[in-house]
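S.K.: Pasting a structure below so you can have a look.
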Amino acid sequence: MNMTNNQNLESEADNMSGFREVLGFTVTEWRPNHAVLHVEMTEQHLNRNGFVHGGVFMSLLDSAAGLCGTYCVVPGNVRRCITVSMNTHFISPVQKGRLRVEANLVSRGRKMFFVEAKISSDEGLVATGQGTFRYVLGGEREEGVPVD
């Protein structure tokens, strides 16, 4: 991994603001066209039936997928996107444990990109998702834009 990859991963891994803090995930791998998150399921993630809420799975898939298409080659700059569509398949319920969320870019155009993502636990596949995303505010540029 080169210095830019290390800097970007460290910066993104330390970003625990907003909704990410609620979800509680950490970015453990991030490079062009690929992202991996890890998160420990806690009581705050459960629905009234005692299983992880489907919205948590959807949010994790969406977060990993958006990151996978917005890796920035210029440290300190950022690339942004919005979700256009997200298709999710719930495969196995989860009550606790550590989840791994992996997203990979399938295809990219000038303004849109397409991603496949999956969530796994120690017991196997938990959920899958396919998303369509649109670059915004200069996100389509590999070099991104300044944060401010």
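Letters A, B, ... mark the chains of the structure tokens in the order given; residue numbers begin at 1 per chain; ligand numbers begin at 1, in order shown.
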Give me, as JSON lines, each residue of range 1-94 of chain A that comes within 9 Å of range 119-136 of chain A, together with its shortest interatomic pair and the distance in Å at one decimal, counting only C-alpha atoms, with rows ordered by chain and rising residue number.
M.R.:
```
{"residue": "A:Phe57", "atom": "CA", "partner": "A:Ala127", "partner_atom": "CA", "distance": 7.1}
{"residue": "A:Met58", "atom": "CA", "partner": "A:Gly129", "partner_atom": "CA", "distance": 7.8}
{"residue": "A:Leu60", "atom": "CA", "partner": "A:Ile119", "partner_atom": "CA", "distance": 8.2}
{"residue": "A:Leu61", "atom": "CA", "partner": "A:Gly129", "partner_atom": "CA", "distance": 6.4}
{"residue": "A:Asp62", "atom": "CA", "partner": "A:Gly131", "partner_atom": "CA", "distance": 7.4}
{"residue": "A:Ala65", "atom": "CA", "partner": "A:Gly131", "partner_atom": "CA", "distance": 7.0}
{"residue": "A:Gly66", "atom": "CA", "partner": "A:Phe133", "partner_atom": "CA", "distance": 7.1}
{"residue": "A:Gly69", "atom": "CA", "partner": "A:Phe133", "partner_atom": "CA", "distance": 8.3}
{"residue": "A:Thr70", "atom": "CA", "partner": "A:Tyr135", "partner_atom": "CA", "distance": 8.3}
{"residue": "A:Arg79", "atom": "CA", "partner": "A:Tyr135", "partner_atom": "CA", "distance": 7.8}
{"residue": "A:Arg80", "atom": "CA", "partner": "A:Val136", "partner_atom": "CA", "distance": 5.6}
{"residue": "A:Cys81", "atom": "CA", "partner": "A:Tyr135", "partner_atom": "CA", "distance": 4.2}
{"residue": "A:Ile82", "atom": "CA", "partner": "A:Arg134", "partner_atom": "CA", "distance": 5.4}
{"residue": "A:Thr83", "atom": "CA", "partner": "A:Phe133", "partner_atom": "CA", "distance": 4.5}
{"residue": "A:Val84", "atom": "CA", "partner": "A:Phe133", "partner_atom": "CA", "distance": 5.1}
{"residue": "A:Ser85", "atom": "CA", "partner": "A:Thr132", "partner_atom": "CA", "distance": 5.1}
{"residue": "A:Met86", "atom": "CA", "partner": "A:Gly131", "partner_atom": "CA", "distance": 4.3}
{"residue": "A:Asn87", "atom": "CA", "partner": "A:Gln130", "partner_atom": "CA", "distance": 5.2}
{"residue": "A:Thr88", "atom": "CA", "partner": "A:Gly129", "partner_atom": "CA", "distance": 4.3}
{"residue": "A:His89", "atom": "CA", "partner": "A:Thr128", "partner_atom": "CA", "distance": 5.2}
{"residue": "A:Phe90", "atom": "CA", "partner": "A:Ala127", "partner_atom": "CA", "distance": 4.6}
{"residue": "A:Ile91", "atom": "CA", "partner": "A:Val126", "partner_atom": "CA", "distance": 5.1}
{"residue": "A:Ser92", "atom": "CA", "partner": "A:Val126", "partner_atom": "CA", "distance": 4.7}
{"residue": "A:Pro93", "atom": "CA", "partner": "A:Val126", "partner_atom": "CA", "distance": 6.8}
{"residue": "A:Val94", "atom": "CA", "partner": "A:Val126", "partner_atom": "CA", "distance": 7.5}
```
S.K.: I'd like the neighbourhood of range 97-110 of chain A as number ranges by chain, where a residue qualifies if any of its atoms comes within 7 Å (using only C-alpha atoms), though same-chain residues fewer than 3 positions away should be ignored.
M.R.: A: 33-41, 60-61, 64-65, 68-69, 113-121, 140
S.K.: Could you give me, as a PyMOL selection string, each residue of range 82-143 of chain A that DSSP assigns to strand (DSSP E or B) when run on this structure's backbone?
M.R.: chain A and resi 82-90+97-108+112-121+124-136
S.K.: Now that the selection is made, can you save its residues with C-alpha atoms as a PDB file, in the first residue's frame?
M.R.:
```pdb
ATOM      1  CA  ILE A  82     -25.352  10.445  -3.472  1.00  0.00           C
ATOM      2  CA  THR A  83     -27.261   7.188  -3.630  1.00  0.00           C
ATOM      3  CA  VAL A  84     -29.660   6.930  -6.569  1.00  0.00           C
ATOM      4  CA  SER A  85     -30.839   3.366  -5.999  1.00  0.00           C
ATOM      5  CA  MET A  86     -30.039   0.539  -3.582  1.00  0.00           C
ATOM      6  CA  ASN A  87     -31.292  -3.021  -3.958  1.00  0.00           C
ATOM      7  CA  THR A  88     -30.850  -5.173  -0.842  1.00  0.00           C
ATOM      8  CA  HIS A  89     -31.274  -8.891  -0.169  1.00  0.00           C
ATOM      9  CA  PHE A  90     -31.467 -10.077   3.436  1.00  0.00           C
ATOM     10  CA  GLY A  97     -21.041 -10.351  16.594  1.00  0.00           C
ATOM     11  CA  ARG A  98     -18.640  -8.625  14.243  1.00  0.00           C
ATOM     12  CA  LEU A  99     -19.694  -7.958  10.660  1.00  0.00           C
ATOM     13  CA  ARG A 100     -17.533  -7.395   7.602  1.00  0.00           C
ATOM     14  CA  VAL A 101     -18.960  -5.199   4.832  1.00  0.00           C
ATOM     15  CA  GLU A 102     -17.185  -5.331   1.464  1.00  0.00           C
ATOM     16  CA  ALA A 103     -17.972  -3.234  -1.606  1.00  0.00           C
ATOM     17  CA  ASN A 104     -16.518  -3.430  -5.115  1.00  0.00           C
ATOM     18  CA  LEU A 105     -17.067  -1.161  -8.096  1.00  0.00           C
ATOM     19  CA  VAL A 106     -18.772  -2.904 -11.019  1.00  0.00           C
ATOM     20  CA  SER A 107     -18.789  -0.073 -13.561  1.00  0.00           C
ATOM     21  CA  ARG A 108     -18.312   3.668 -13.753  1.00  0.00           C
ATOM     22  CA  MET A 112     -22.607   7.571 -12.191  1.00  0.00           C
ATOM     23  CA  PHE A 113     -21.097   4.414 -10.745  1.00  0.00           C
ATOM     24  CA  PHE A 114     -22.417   0.959  -9.885  1.00  0.00           C
ATOM     25  CA  VAL A 115     -21.393  -1.190  -6.927  1.00  0.00           C
ATOM     26  CA  GLU A 116     -21.942  -4.681  -5.509  1.00  0.00           C
ATOM     27  CA  ALA A 117     -21.606  -5.093  -1.749  1.00  0.00           C
ATOM     28  CA  LYS A 118     -22.004  -7.855   0.812  1.00  0.00           C
ATOM     29  CA  ILE A 119     -22.132  -8.299   4.561  1.00  0.00           C
ATOM     30  CA  SER A 120     -20.626 -11.384   6.214  1.00  0.00           C
ATOM     31  CA  SER A 121     -20.476 -12.700   9.757  1.00  0.00           C
ATOM     32  CA  GLY A 124     -21.529 -16.714   6.577  1.00  0.00           C
ATOM     33  CA  LEU A 125     -23.320 -14.334   4.233  1.00  0.00           C
ATOM     34  CA  VAL A 126     -25.795 -11.969   5.913  1.00  0.00           C
ATOM     35  CA  ALA A 127     -26.942  -9.561   3.186  1.00  0.00           C
ATOM     36  CA  THR A 128     -26.064  -8.344  -0.294  1.00  0.00           C
ATOM     37  CA  GLY A 129     -26.721  -5.111  -2.107  1.00  0.00           C
ATOM     38  CA  GLN A 130     -26.348  -3.478  -5.479  1.00  0.00           C
ATOM     39  CA  GLY A 131     -26.273   0.283  -5.715  1.00  0.00           C
ATOM     40  CA  THR A 132     -26.286   3.075  -8.249  1.00  0.00           C
ATOM     41  CA  PHE A 133     -24.589   6.303  -7.202  1.00  0.00           C
ATOM     42  CA  ARG A 134     -24.211   9.770  -8.706  1.00  0.00           C
ATOM     43  CA  TYR A 135     -21.135  11.908  -8.213  1.00  0.00           C
ATOM     44  CA  VAL A 136     -21.802  15.395  -6.816  1.00  0.00           C
TER      45      VAL A 136
END
```
S.K.: Please, which residues of range 49-105 of chain A, numbered as in this document, come out helix (DSSP H, G or I) from DSSP, as a list in words?
M.R.: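 Across range 49-105 of chain A, those assigned helix (DSSP H, G or I) are Gly54, Gly55, Val56, Phe57, Met58, Ser59, Leu60, Leu61, Asp62, Ser63, Ala64, Ala65, Gly66, Leu67 and Cys68 of chain A.
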S.K.: Measure the distance from CA of Lys111 in chain A to CA of Gly55 in chain A in Å and round it to one decimal.
M.R.: 26.7 Å
S.K.: Rank A:Gln44, A:Asn77, A:Thr28, A:Asn49 by their smallest atom-to-atom distance to Gly139 in chain A, using only C-alpha atoms, and report the top residue only.
M.R.: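 Looking only at the distances to Gly139 in chain A, the closest residue turns out to be A:Asn77.
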S.K.: Report, in Å to a single decimal, how far apart CA of Ser59 in chain A and CA of Glu142 in chain A are.
M.R.: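 We find that CA of Glu142 in chain A and CA of Ser59 in chain A lie 24.7 Å from each other.
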